[in-house]
Amino acid sequence: MAANPMSQFNVYRIGPEIKLGEFDISFTNASLFMIISTFAILLIFNIGSKKNTILPNKFQLLGELSYTFVAKMINDTAGSKAKPYFSFIFSLFMFVLFCNMFGMIPYTFTVTSHIIVTFVLAAFIFIGVTVIGFIKHGLGYLKLFVPSGVPAVLLPLIVIIEIISYLSRPISLSVRLFANMMAGHTMMKVFGGFVISLGIVGGWLPLSFSVALTGLEILVAFLQAYVFAILTCIYLNDALNLHH
Amino acid sequence: MIRKIYFQSIFFSFLFFKEVFAAESGGMPQLNPEFWISQIFWLILTFGTLYLALSKLVLPKISDNLESRKSKILENIEAADKQREDCEVKYRAYEEFVSKSKLKAKAIFNQSREKAIKDINNKRDILDKQIDEEISKVEEEIKILRKNAPDKISKIAVETSSELIHKFLGAEVNNSSISAIVDDLSKKNGNKYYGY
């Protein structure tokens, strides 16, 4: 059981079964780590924003650096019109980052390694961006699918490709995060298993790989959160500043 | 390279644990829909809470902090600039004052030197004049003395010669004839006696 590299992704109930109507909304290990991530984010940023000193302390510096980092990212990709959505993108980035990072601790559960979680986030972003686009530009938002400067002969094909690529956004966004997380954690587990099976003689090679992979996975955990947030900004940019 | 190993190892892992997977229902636990609703529910709950708390409580505070720090730093820089300008103005005034007083001191020094030189010159002039006056007075006296000296000498010579003649020869001689002789002699030997 423990040797199975996929068993780390098992979701199991903690405590009793909770039913809402006919839906099972039991408290699981996934819920636990969502709550832990949320709590950690709120704790750190609450400490970081409590005092206002000219020379910031460590938590304040952390909060302010994250704030300026996300603000700069949004401003660079989506422009100043995206300012009302700052809080959402900041929460999204922090949530994904903390879920990824908590998954790096041994014996923890990685919330973002489940397709349903990433898909719900991506679908929410997709629907939200589409709604914003139609509110801002009306039916003119459909011009997004008609790039300018394309020969009339190619236009039907291009429009179909554009529509398909637009509709596949939530899938690519969610699968990217989910697959990266799952693959990394699976591989670490596999190398861990090799360490045990090869024993003291040959176990050193997979062990060193495992150490290197841990570094890589921490990088991936940050990078995927960043990619998730920046792609959201790019989609938002399409909806806010329509120019194609 | 790393990617290749990455995916190969995943592939091999599937081979390795084929039997274990067979025992599991559906292989990947992610595709088991048993807890999907639960995960969606808890995701919405936690992420909603996080979003609300961050957007209403935390982020405005951080933004305020950043703004206030920025404005405070700007204010301080402005104040520092102003003080620097003040300093420069004061320093310029000080320099001006120093250079002015230097000029004044120079002027006073020059004035007093000129005055001293003038005084010295005046005094020297006065003294020179006095000395000249005295010298000319003395010269005058010497001139008078010189002028009178031949007459007196000739008179003395005449009287002395008449006395001598009277005593030795016992004869009365006319003073006027003696004086004529003396005059004649003095004229002849004047250069020898008086230097002129």
# chains A, B, ... in the order shown; residues from 1 in each chain; ligands from 1

$ residues_around --residues "Gly193 of chain A" --least-positions-apart "4" --cutoff "9 Å" --atoms "only C-alpha atoms" --output "JSON, numbers by chain"
{"A": [3, 4, 5, 188, 189, 197, 198, 206]}

$ residues_around --residues "segment 177-180 of chain A" --least-positions-apart "5" --cutoff "12 Å" --atoms "only C-alpha atoms" --output "number ranges by chain"
A: 9, 96-97, 99-100, 110-122, 170-172, 185-187, 216-229, 231; B: 3, 6-7, 10, 28, 30-31

$ write_last_selection --atoms "C-alpha atoms" --output "PDB file, in the first residue's frame"
ATOM      1  CA  PHE A   9      -3.281  11.039  -3.861  1.00  0.00           C
ATOM      2  CA  VAL A  96      -2.137  27.680  -5.397  1.00  0.00           C
ATOM      3  CA  LEU A  97       1.360  28.474  -4.138  1.00  0.00           C
ATOM      4  CA  CYS A  99      -1.236  24.298  -1.612  1.00  0.00           C
ATOM      5  CA  ASN A 100       1.727  23.335  -3.807  1.00  0.00           C
ATOM      6  CA  THR A 110      -1.316  18.084  -2.320  1.00  0.00           C
ATOM      7  CA  VAL A 111      -4.643  19.759  -2.970  1.00  0.00           C
ATOM      8  CA  THR A 112      -3.640  20.942  -6.440  1.00  0.00           C
ATOM      9  CA  SER A 113      -2.720  17.451  -7.598  1.00  0.00           C
ATOM     10  CA  HIS A 114      -6.420  16.747  -8.058  1.00  0.00           C
ATOM     11  CA  ILE A 115      -7.886  17.585 -11.430  1.00  0.00           C
ATOM     12  CA  ILE A 116     -11.236  18.469  -9.961  1.00  0.00           C
ATOM     13  CA  VAL A 117      -9.771  21.227  -7.804  1.00  0.00           C
ATOM     14  CA  THR A 118      -7.713  22.803 -10.565  1.00  0.00           C
ATOM     15  CA  PHE A 119     -10.558  22.380 -13.017  1.00  0.00           C
ATOM     16  CA  VAL A 120     -13.018  24.191 -10.779  1.00  0.00           C
ATOM     17  CA  LEU A 121     -10.565  27.066 -10.381  1.00  0.00           C
ATOM     18  CA  ALA A 122      -9.866  27.176 -14.121  1.00  0.00           C
ATOM     19  CA  PRO A 170      -9.845  25.925 -18.821  1.00  0.00           C
ATOM     20  CA  ILE A 171      -8.686  22.440 -19.705  1.00  0.00           C
ATOM     21  CA  SER A 172      -5.117  23.450 -20.485  1.00  0.00           C
ATOM     22  CA  HIS A 185       4.988  13.796  -6.548  1.00  0.00           C
ATOM     23  CA  THR A 186       4.666  10.427  -8.256  1.00  0.00           C
ATOM     24  CA  MET A 187       8.260  10.530  -9.395  1.00  0.00           C
ATOM     25  CA  LEU A 216      13.189  20.869  -8.685  1.00  0.00           C
ATOM     26  CA  GLU A 217       9.732  20.233  -7.299  1.00  0.00           C
ATOM     27  CA  ILE A 218       9.908  23.272  -5.046  1.00  0.00           C
ATOM     28  CA  LEU A 219      10.806  25.297  -8.120  1.00  0.00           C
ATOM     29  CA  VAL A 220       7.934  23.703 -10.039  1.00  0.00           C
ATOM     30  CA  ALA A 221       5.557  24.380  -7.158  1.00  0.00           C
ATOM     31  CA  PHE A 222       6.373  28.088  -7.318  1.00  0.00           C
ATOM     32  CA  LEU A 223       6.532  28.190 -11.095  1.00  0.00           C
ATOM     33  CA  GLN A 224       3.162  26.526 -11.597  1.00  0.00           C
ATOM     34  CA  ALA A 225       1.481  28.905  -9.182  1.00  0.00           C
ATOM     35  CA  TYR A 226       3.081  31.775 -11.063  1.00  0.00           C
ATOM     36  CA  VAL A 227       2.058  30.351 -14.437  1.00  0.00           C
ATOM     37  CA  PHE A 228      -1.479  29.816 -13.207  1.00  0.00           C
ATOM     38  CA  ALA A 229      -1.706  33.411 -12.032  1.00  0.00           C
ATOM     39  CA  LEU A 231      -2.244  32.984 -17.498  1.00  0.00           C
TER      40      LEU A 231
ATOM     41  CA  ARG B   3      12.345  15.877 -18.343  1.00  0.00           C
ATOM     42  CA  TYR B   6      11.134  12.367 -15.310  1.00  0.00           C
ATOM     43  CA  PHE B   7       8.625  10.907 -17.726  1.00  0.00           C
ATOM     44  CA  ILE B  10       6.771   7.697 -14.345  1.00  0.00           C
ATOM     45  CA  MET B  28      -5.629   7.263 -10.469  1.00  0.00           C
ATOM     46  CA  GLN B  30      -7.934  11.757  -9.024  1.00  0.00           C
ATOM     47  CA  LEU B  31     -10.425  10.215 -11.408  1.00  0.00           C
TER      48      LEU B  31
END

$ select_by_dssp --residues "segment 14-112 of chain A" --states "strand (DSSP E)" --output "list in words"
Lys19, Leu20, Phe23 and Asp24 of chain A

$ residues_around --residues "Pro60 of chain B" --least-positions-apart "5" --cutoff "10 Å" --atoms "only C-alpha atoms" --output "mmCIF file with N, CA and C atoms, in the first residue's frame"
data_model
loop_
_atom_site.group_PDB
_atom_site.id
_atom_site.type_symbol
_atom_site.label_atom_id
_atom_site.label_comp_id
_atom_site.auth_asym_id
_atom_site.auth_seq_id
_atom_site.Cartn_x
_atom_site.Cartn_y
_atom_site.Cartn_z
ATOM 1 N N SER A 49 0.688 42.663 7.958
ATOM 2 C CA SER A 49 0.056 43.959 7.703
ATOM 3 C C SER A 49 -0.365 44.665 8.986
ATOM 4 N N SER A 87 -7.230 41.620 -6.013
ATOM 5 C CA SER A 87 -7.438 40.771 -4.837
ATOM 6 C C SER A 87 -7.665 39.324 -5.242
ATOM 7 N N LEU B 54 -8.771 38.383 2.435
ATOM 8 C CA LEU B 54 -7.649 39.125 1.865
ATOM 9 C C LEU B 54 -8.116 40.451 1.281
ATOM 10 N N SER B 55 -9.223 40.412 0.525
ATOM 11 C CA SER B 55 -9.620 41.635 -0.180
ATOM 12 C C SER B 55 -10.218 42.667 0.762
ATOM 13 N N ASN B 65 -0.155 50.672 3.987
ATOM 14 C CA ASN B 65 1.209 50.725 4.533
ATOM 15 C C ASN B 65 2.198 51.182 3.485
ATOM 16 N N LEU B 66 2.064 50.582 2.295
ATOM 17 C CA LEU B 66 3.005 50.928 1.221
ATOM 18 C C LEU B 66 2.872 52.398 0.852
#
